[in-house]
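Trainee: This is protein29.csv, which holds CSV, C-alpha atoms:
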```csv
chain,number,residue,atom,x,y,z
A,228,MET,CA,37.6,-0.4,-16.6
A,229,ALA,CA,41.2,0.8,-16.4
A,230,ASP,CA,40.1,4.4,-16.3
A,231,GLU,CA,37.7,3.7,-13.5
A,232,ALA,CA,40.3,1.8,-11.5
A,233,GLY,CA,42.6,4.7,-11.9
A,234,ALA,CA,40.0,7.2,-10.8
A,235,THR,CA,39.2,5.3,-7.6
A,236,ARG,CA,42.7,4.3,-6.7
A,237,HIS,CA,43.4,7.7,-5.1
A,238,LEU,CA,39.8,8.3,-4.0
A,239,ARG,CA,39.4,8.8,-0.3
A,240,MET,CA,36.5,6.5,0.7
A,241,GLY,CA,34.9,6.7,4.1
A,242,VAL,CA,32.5,4.5,6.0
A,243,ALA,CA,30.4,5.4,9.1
A,244,VAL,CA,29.4,2.1,10.9
A,245,CYS,CA,26.6,2.0,13.5
A,246,HIS,CA,26.3,-0.7,16.2
A,247,GLY,CA,22.9,-2.0,17.4
A,248,PHE,CA,20.5,-1.6,20.3
A,249,SER,CA,22.2,-2.1,23.7
A,250,GLY,CA,25.5,-3.0,21.9
A,251,THR,CA,28.8,-1.2,21.5
A,252,PRO,CA,31.3,-0.7,18.7
A,253,SER,CA,32.9,-4.0,19.6
A,254,SER,CA,30.0,-5.8,18.0
A,255,VAL,CA,30.9,-4.4,14.6
A,256,GLN,CA,34.7,-4.1,15.1
A,257,PRO,CA,35.7,-6.9,12.8
A,258,TRP,CA,33.6,-5.3,10.0
A,259,ALA,CA,35.1,-1.9,10.7
A,260,ASP,CA,38.7,-3.3,10.9
A,261,GLY,CA,38.2,-5.3,7.7
A,262,LEU,CA,37.1,-2.3,5.8
A,263,ALA,CA,39.9,-0.2,7.2
A,264,ALA,CA,42.4,-2.8,6.1
A,265,ARG,CA,41.0,-2.5,2.6
A,266,GLY,CA,41.7,1.2,2.4
A,267,PHE,CA,38.5,2.8,3.9
A,268,ASP,CA,38.5,5.6,6.5
A,269,VAL,CA,36.2,4.1,9.1
A,270,GLU,CA,34.5,5.6,12.1
A,271,VAL,CA,32.2,3.7,14.6
A,272,PRO,CA,30.6,6.0,17.1
A,273,LEU,CA,29.3,4.9,20.5
A,274,LEU,CA,25.6,5.8,20.7
A,275,PRO,CA,24.3,7.6,23.8
A,276,GLY,CA,23.1,5.3,26.5
A,277,HIS,CA,25.3,2.5,25.3
A,278,GLY,CA,28.5,1.0,26.7
A,279,THR,CA,27.5,1.9,30.3
A,280,ASP,CA,24.4,0.2,31.8
A,281,TRP,CA,20.7,-0.2,31.2
A,282,ARG,CA,19.8,2.7,33.5
A,283,ASP,CA,21.6,5.1,31.1
A,284,LEU,CA,19.8,3.6,28.1
A,285,GLU,CA,16.5,4.0,29.9
A,286,GLY,CA,16.6,7.8,29.8
A,287,ARG,CA,17.7,8.2,26.1
A,288,ARG,CA,15.6,9.2,23.1
A,289,TRP,CA,15.9,7.8,19.6
A,290,ARG,CA,16.9,11.1,18.1
A,291,GLU,CA,20.0,11.1,20.3
A,292,TRP,CA,21.1,8.0,18.5
A,293,THR,CA,20.5,9.2,15.0
A,294,GLU,CA,22.1,12.6,15.7
A,295,ARG,CA,25.2,11.0,17.1
A,296,PHE,CA,25.5,8.8,14.0
A,297,GLN,CA,24.9,11.8,11.7
A,298,GLN,CA,27.7,13.7,13.4
A,299,ALA,CA,30.0,10.7,12.7
A,300,CYS,CA,28.9,10.8,9.1
A,301,ALA,CA,29.8,14.5,8.9
A,302,ASP,CA,33.2,13.9,10.5
A,303,VAL,CA,34.0,11.1,8.0
A,304,ALA,CA,32.7,13.1,5.0
A,305,ALA,CA,34.8,16.1,6.0
A,306,ARG,CA,38.0,14.1,5.4
A,307,THR,CA,37.0,11.8,2.5
A,308,ASP,CA,35.7,12.1,-1.0
A,309,VAL,CA,32.9,9.4,-0.9
A,310,LEU,CA,30.8,8.5,2.1
A,311,PHE,CA,29.3,5.1,2.7
A,312,LEU,CA,27.0,4.0,5.6
A,313,ALA,CA,26.8,0.7,7.4
A,314,GLY,CA,25.0,-0.7,10.3
A,315,LEU,CA,24.1,-3.8,12.3
A,316,SER,CA,20.5,-4.4,13.6
A,317,MET,CA,19.2,-1.1,14.9
A,318,GLY,CA,22.4,0.3,13.5
A,319,GLY,CA,21.2,-0.7,10.0
A,320,THR,CA,17.9,1.2,10.7
A,321,ILE,CA,19.9,4.3,11.7
A,322,ALA,CA,22.1,4.0,8.6
A,323,LEU,CA,18.9,3.9,6.4
A,324,HIS,CA,17.3,6.8,8.4
A,325,THR,CA,20.5,8.8,7.8
A,326,ALA,CA,20.7,7.9,4.2
A,327,ALA,CA,17.2,9.2,3.7
A,328,ARG,CA,18.1,12.5,5.5
A,329,LEU,CA,21.3,12.9,3.4
A,330,ALA,CA,19.3,12.3,0.2
A,331,ALA,CA,17.6,15.6,0.8
A,332,HIS,CA,21.0,17.4,0.6
A,333,ASP,CA,20.7,21.1,1.5
A,334,GLY,CA,24.3,22.1,1.7
A,335,ALA,CA,24.4,21.9,5.5
A,336,ARG,CA,24.8,18.1,5.7
A,337,PRO,CA,27.3,15.8,4.0
A,338,ALA,CA,26.5,14.9,0.4
A,339,PRO,CA,24.2,11.9,-0.1
A,340,ALA,CA,25.7,8.5,0.7
A,341,ALA,CA,27.2,6.6,-2.2
A,342,GLY,CA,26.0,3.3,-0.8
A,343,ILE,CA,24.6,1.5,2.3
A,344,ALA,CA,25.4,-1.9,3.8
A,345,VAL,CA,23.1,-3.4,6.5
A,346,VAL,CA,23.3,-6.6,8.5
A,347,ASN,CA,20.0,-7.9,9.9
A,348,PRO,CA,18.4,-4.5,10.0
A,349,GLY,CA,15.5,-3.9,12.2
A,350,LEU,CA,12.1,-2.5,11.4
A,351,GLY,CA,9.9,-4.7,13.5
A,352,PHE,CA,9.7,-7.1,16.4
A,353,HIS,CA,9.1,-10.8,16.9
A,354,ASP,CA,7.1,-10.2,20.1
A,355,PRO,CA,3.5,-9.0,19.2
A,356,ARG,CA,3.3,-7.5,22.7
A,357,VAL,CA,5.5,-4.7,21.5
A,358,ARG,CA,2.4,-3.1,19.9
A,359,PHE,CA,1.4,-2.2,23.5
A,360,ILE,CA,4.8,-1.0,24.6
A,361,GLY,CA,3.6,2.5,25.2
A,362,ALA,CA,1.3,1.2,27.9
A,363,TYR,CA,3.8,-1.4,29.3
A,364,ARG,CA,6.3,1.3,30.0
A,365,LEU,CA,3.9,2.9,32.4
A,366,VAL,CA,3.7,-0.2,34.6
A,367,MET,CA,7.0,-2.0,33.9
A,368,ARG,CA,10.5,-0.7,34.0
A,369,THR,CA,12.5,-3.5,32.5
A,370,THR,CA,12.3,-6.9,30.8
A,371,GLY,CA,14.9,-9.6,30.1
A,372,PRO,CA,17.1,-9.4,27.0
A,373,ILE,CA,16.5,-11.7,24.0
A,374,GLU,CA,18.4,-14.9,24.5
A,375,GLU,CA,20.3,-16.3,21.5
A,376,ALA,CA,21.9,-19.7,21.8
A,377,ASN,CA,24.9,-19.1,19.5
A,378,ALA,CA,25.5,-15.4,20.3
A,379,PRO,CA,29.2,-14.4,20.3
A,380,ASP,CA,30.8,-13.9,23.7
A,381,PRO,CA,31.2,-10.3,24.9
A,382,VAL,CA,34.5,-8.5,24.1
A,383,GLY,CA,35.8,-6.4,26.9
A,384,ASP,CA,33.5,-4.3,29.0
A,385,GLU,CA,30.3,-3.7,27.1
A,386,GLY,CA,28.4,-2.4,30.1
A,387,ASP,CA,25.6,-3.9,32.1
A,388,TYR,CA,22.6,-4.7,29.9
A,389,SER,CA,21.4,-7.7,31.9
A,390,ARG,CA,18.0,-5.9,31.8
A,391,THR,CA,16.3,-4.2,28.9
A,392,PRO,CA,14.5,-0.9,29.8
A,393,ILE,CA,11.0,-0.8,28.5
A,394,ALA,CA,11.2,2.9,27.8
A,395,ALA,CA,14.2,2.3,25.5
A,396,VAL,CA,12.2,-0.4,23.6
A,397,HIS,CA,9.5,2.2,23.1
A,398,GLU,CA,12.1,4.6,21.7
A,399,LEU,CA,13.3,1.8,19.4
A,400,LYS,CA,9.8,1.3,18.1
A,401,ARG,CA,9.5,5.1,17.5
A,402,LEU,CA,12.8,5.0,15.5
A,403,TYR,CA,11.4,2.1,13.4
A,404,HIS,CA,8.3,4.1,12.6
A,405,ALA,CA,10.2,7.2,11.7
A,406,THR,CA,12.6,5.3,9.5
A,407,ASP,CA,9.7,3.5,7.7
A,408,ARG,CA,8.2,6.8,6.7
A,409,LEU,CA,11.6,7.9,5.2
A,410,LEU,CA,12.5,4.8,3.4
A,411,PRO,CA,11.1,5.9,0.0
A,412,ARG,CA,13.7,8.7,0.1
A,413,VAL,CA,16.6,6.1,0.2
A,414,THR,CA,18.0,6.0,-3.4
A,415,ALA,CA,21.6,4.9,-2.7
A,416,PRO,CA,22.7,1.4,-3.7
A,417,LEU,CA,21.9,-1.1,-0.9
A,418,LEU,CA,23.6,-4.3,0.3
A,419,ALA,CA,21.7,-6.3,2.8
A,420,PHE,CA,22.9,-9.3,4.8
A,421,ARG,CA,20.3,-11.6,6.4
A,422,SER,CA,20.9,-14.4,8.9
A,423,ASP,CA,18.7,-17.5,8.2
A,424,ASP,CA,18.0,-18.0,11.9
A,425,ASP,CA,17.6,-14.7,13.7
A,426,PRO,CA,15.7,-14.6,17.0
A,427,VAL,CA,16.2,-10.9,17.4
A,428,VAL,CA,14.8,-9.3,14.2
A,429,PRO,CA,12.0,-10.9,12.1
A,430,SER,CA,12.5,-11.5,8.4
A,431,SER,CA,9.6,-9.2,7.7
A,432,SER,CA,11.9,-6.3,8.6
A,433,LEU,CA,14.2,-6.7,5.6
A,434,ALA,CA,11.2,-7.6,3.4
A,435,ARG,CA,9.6,-4.2,4.2
A,436,ILE,CA,12.8,-2.3,3.8
A,437,LEU,CA,13.3,-3.8,0.3
A,438,ALA,CA,9.7,-3.0,-0.6
A,439,ARG,CA,9.9,0.6,0.7
A,440,THR,CA,13.3,1.9,-0.5
A,441,SER,CA,13.8,3.5,-3.9
A,442,SER,CA,17.3,2.0,-4.4
A,443,ARG,CA,17.7,0.9,-8.0
A,444,GLU,CA,20.7,-1.4,-7.1
A,445,VAL,CA,20.0,-3.9,-4.3
A,446,GLU,CA,21.9,-7.0,-3.3
A,447,VAL,CA,20.8,-9.4,-0.6
A,448,VAL,CA,23.2,-11.9,0.8
A,449,ALA,CA,21.9,-14.9,2.9
A,450,LEU,CA,24.0,-15.9,5.9
A,451,HIS,CA,23.5,-19.6,6.6
A,452,GLU,CA,25.7,-20.0,9.7
A,453,SER,CA,25.5,-16.6,11.4
A,454,PRO,CA,23.9,-15.4,14.6
A,455,HIS,CA,22.1,-12.1,14.8
A,456,VAL,CA,25.4,-10.3,15.4
A,457,ALA,CA,26.7,-11.7,12.1
A,458,THR,CA,29.6,-9.2,12.1
A,459,ARG,CA,31.2,-11.3,14.8
A,460,GLY,CA,30.0,-14.7,13.6
A,461,PRO,CA,31.6,-17.4,11.4
A,462,GLU,CA,30.7,-15.5,8.2
A,463,ALA,CA,32.1,-12.2,9.4
A,464,GLY,CA,34.8,-12.4,6.7
A,465,LEU,CA,32.2,-12.8,4.0
A,466,VAL,CA,30.4,-9.7,5.3
A,467,VAL,CA,33.6,-7.7,5.1
A,468,ASP,CA,34.5,-9.0,1.6
A,469,ARG,CA,31.1,-8.4,0.1
A,470,THR,CA,30.8,-5.0,1.6
A,471,ALA,CA,34.3,-3.9,0.4
A,472,ASP,CA,33.6,-5.2,-3.1
A,473,ALA,CA,30.3,-3.4,-3.3
A,474,PHE,CA,31.7,-0.1,-1.9
A,475,HIS,CA,34.6,-0.1,-4.3
A,476,ARG,CA,32.3,-0.7,-7.2
A,477,TRP,CA,29.8,2.0,-6.1
A,478,ALA,CA,32.7,4.5,-5.5
A,479,GLY,CA,33.6,4.0,-9.2
A,480,ALA,CA,29.9,4.8,-10.1
A,481,ALA,CA,30.1,7.9,-7.9
A,482,VAL,CA,33.2,9.1,-9.8
A,483,ARG,CA,31.4,8.6,-13.1
A,484,GLY,CA,28.4,10.4,-11.8
A,485,ALA,CA,30.5,13.3,-10.7
```
Have the structure of the file written as structure tokens, please.

Mentor:
Amino acid sequence: MADEAGATRHLRMGVAVCHGFSGTPSSVQPWADGLAARGFDVEVPLLPGHGTDWRDLEGRRWREWTERFQQACADVAARTDVLFLAGLSMGGTIALHTAARLAAHDGARPAPAAGIAVVNPGLGFHDPRVRFIGAYRLVMRTTGPIEEANAPDPVGDEGDYSRTPIAAVHELKRLYHATDRLLPRVTAPLLAFRSDDDPVVPSSSLARILARTSSREVEVVALHESPHVATRGPEAGLVVDRTADAFHRWAGAAVRGA
């Protein structure tokens, strides 16, 4: 244990953190700041179509979101020794999608991720009407956002997302399908947080993720008091602590593997 601690003490550990659908980096900032305070080099990119208004989001494609996060991963990997991925909601989906891509390392991308942490990751919807979203987008432009009674208050200017563009929900659905196909390629250790009462993402999403990934080391942490955006909820500190502990432990395993 002493040798492992010595090996990781001077290891440069990086984390790319991804925010969720219609969100901004502020939604995961306490998570990012907490990890940075524990010695991690952290980057939280703003995804295309986010932080502005719903009209901007309406014209974006899901590959724009994944490509922006992959670039952030490459930036972090270029200045660190070990790369971890993390994400909230859709950001968790993107983190898993990216981990699958990195697992097929071809020399052009960063090396495979040493671990992944996700908070209420999405892979499906509560509303059964989403199965017809491809048709709805031809006759409807927007719908109302999902209301959550205990959602945290906005921080600063997060843009105008008082409406949710149907076309963007269609892209989200396409992202879910693409990620689901890649999940068996995910082999990195996985830490998943799940809020007991989440009106945004159904519990079936995490269940399918756990069933489909090939990760040999999996930890699931139940959050009993948190809203969907648990990274800014009453258990945000727990999310930071458990993530940092897991990443430090997995960094040691990466050193031994190397």

Trainee: Find the residue from A:Gly351, A:Pro426, A:Pro454, A:Pro272 that sits nearest to Val396 (chain A); use all atoms listed in the file when measuring.

Mentor: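 Ranked by minimum distance to Val396 (chain A), first place goes to A:Gly351.
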
Trainee: Could you tell me how far CA of Ala480 (chain A) lies from CA of Thr307 (chain A), in Å and to one decimal?

Mentor: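 Computing the Euclidean distance for CA of Ala480 (chain A) and CA of Thr307 (chain A) yields 16.1 Å.
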
Trainee: Mind checking which residues fall within 12 Å of Leu274 (chain A), counting all atoms listed in the file, ignoring those fewer than 2 positions away in the same chain, and posting them as an MDAnalysis selection string?

Mentor: chainID A and resid 244:252 271:272 276:279 283:284 287:299 317:318 321

Trainee: Output C-alpha atoms of each residue in that selection to a file, as a tab-separated table (two decimals), in the coordinates of the input.

Mentor:
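Done, and the output landed in result.tsv:
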```tsv
chain	number	residue	atom	x	y	z
A	244	VAL	CA	29.40	2.10	10.90
A	245	CYS	CA	26.60	2.00	13.50
A	246	HIS	CA	26.30	-0.70	16.20
A	247	GLY	CA	22.90	-2.00	17.40
A	248	PHE	CA	20.50	-1.60	20.30
A	249	SER	CA	22.20	-2.10	23.70
A	250	GLY	CA	25.50	-3.00	21.90
A	251	THR	CA	28.80	-1.20	21.50
A	252	PRO	CA	31.30	-0.70	18.70
A	271	VAL	CA	32.20	3.70	14.60
A	272	PRO	CA	30.60	6.00	17.10
A	276	GLY	CA	23.10	5.30	26.50
A	277	HIS	CA	25.30	2.50	25.30
A	278	GLY	CA	28.50	1.00	26.70
A	279	THR	CA	27.50	1.90	30.30
A	283	ASP	CA	21.60	5.10	31.10
A	284	LEU	CA	19.80	3.60	28.10
A	287	ARG	CA	17.70	8.20	26.10
A	288	ARG	CA	15.60	9.20	23.10
A	289	TRP	CA	15.90	7.80	19.60
A	290	ARG	CA	16.90	11.10	18.10
A	291	GLU	CA	20.00	11.10	20.30
A	292	TRP	CA	21.10	8.00	18.50
A	293	THR	CA	20.50	9.20	15.00
A	294	GLU	CA	22.10	12.60	15.70
A	295	ARG	CA	25.20	11.00	17.10
A	296	PHE	CA	25.50	8.80	14.00
A	297	GLN	CA	24.90	11.80	11.70
A	298	GLN	CA	27.70	13.70	13.40
A	299	ALA	CA	30.00	10.70	12.70
A	317	MET	CA	19.20	-1.10	14.90
A	318	GLY	CA	22.40	0.30	13.50
A	321	ILE	CA	19.90	4.30	11.70
```

Trainee: Given the point (32.6, -7.6, 20.2) in the coordinates of this file, which residues lie within 12 Å, counting all atoms listed in the file, and how would they look as a VMD selection string?

Mentor: chain A and resid 246 to 247 250 to 260 278 378 to 386 456 to 460 463

Trainee: As an exercise, work out the distance from CA of Ala473 (chain A) to CA of Leu418 (chain A) in Å and give it to one decimal place.

Mentor: 7.7 Å

Trainee: Using CA of Val466 (chain A) and CA of Thr320 (chain A) as the two end points, give the distance in Å to one decimal.

Mentor: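 CA of Val466 (chain A) sits 17.4 Å away from CA of Thr320 (chain A).
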
Trainee: Determine the nearest neighbour of Arg476 (chain A) from the options A:Ala341, A:Leu323, A:Leu402, A:Val447, counting all atoms listed in the file.

Mentor: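 Smallest distance to Arg476 (chain A) is found for A:Ala341.
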
Trainee: Determine the nearest neighbour of Pro355 (chain A) from the options A:Pro429, A:His451, A:Leu465, A:Leu410, counting all atoms listed in the file.

Mentor: A:Pro429

Trainee: Nearest to Leu238 (chain A): which of A:Asp308, A:Asp425, A:Asp268, A:Glu285 is it, counting all atoms listed in the file?

Mentor: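 Checking each candidate against Leu238 (chain A), we get A:Asp308 as the closest.
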
Trainee: Between A:Ala301, A:Leu437, A:Ile373, A:Ala340, single out the one closest to Ala419 (chain A), counting all atoms listed in the file.

Mentor: A:Leu437

Trainee: Nearest to Arg443 (chain A): which of A:Thr414, A:Ser422, A:Thr370, A:Ser389 is it, counting only C-alpha atoms?

Mentor: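 Smallest distance to Arg443 (chain A) is found for A:Thr414.
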
Trainee: For Val427 (chain A), list every protein, DNA or RNA residue within 10 Å, evaluated using only C-alpha atoms, and leave out those in the same chain fewer than 4 positions away; present the list as number ranges by chain.

Mentor: A: 316, 347, 349, 351-354, 372-375, 454-456

Trainee: List the spatial neighbours of Leu329 (chain A) as a list in words - criterion: any atom at most 10 Å away, only C-alpha atoms, same-chain residues fewer than 6 positions off excluded.

Mentor: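 Everything that qualifies: Gln297, Cys300, Leu323, Ala335, Arg336, Pro337, Ala338, Pro339, Ala340, Arg412 and Val413 of chain A.
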
Trainee: Let me see the file: selected residues, C-alpha atoms, as a PDB file, in the coordinates of the input.

Mentor:
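Resulting contents of out-v8.pdb:
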```pdb
ATOM      1  CA  GLN A 297      24.900  11.800  11.700  1.00  0.00           C
ATOM      2  CA  CYS A 300      28.900  10.800   9.100  1.00  0.00           C
ATOM      3  CA  LEU A 323      18.900   3.900   6.400  1.00  0.00           C
ATOM      4  CA  ALA A 335      24.400  21.900   5.500  1.00  0.00           C
ATOM      5  CA  ARG A 336      24.800  18.100   5.700  1.00  0.00           C
ATOM      6  CA  PRO A 337      27.300  15.800   4.000  1.00  0.00           C
ATOM      7  CA  ALA A 338      26.500  14.900   0.400  1.00  0.00           C
ATOM      8  CA  PRO A 339      24.200  11.900  -0.100  1.00  0.00           C
ATOM      9  CA  ALA A 340      25.700   8.500   0.700  1.00  0.00           C
ATOM     10  CA  ARG A 412      13.700   8.700   0.100  1.00  0.00           C
ATOM     11  CA  VAL A 413      16.600   6.100   0.200  1.00  0.00           C
TER      12      VAL A 413
END
```
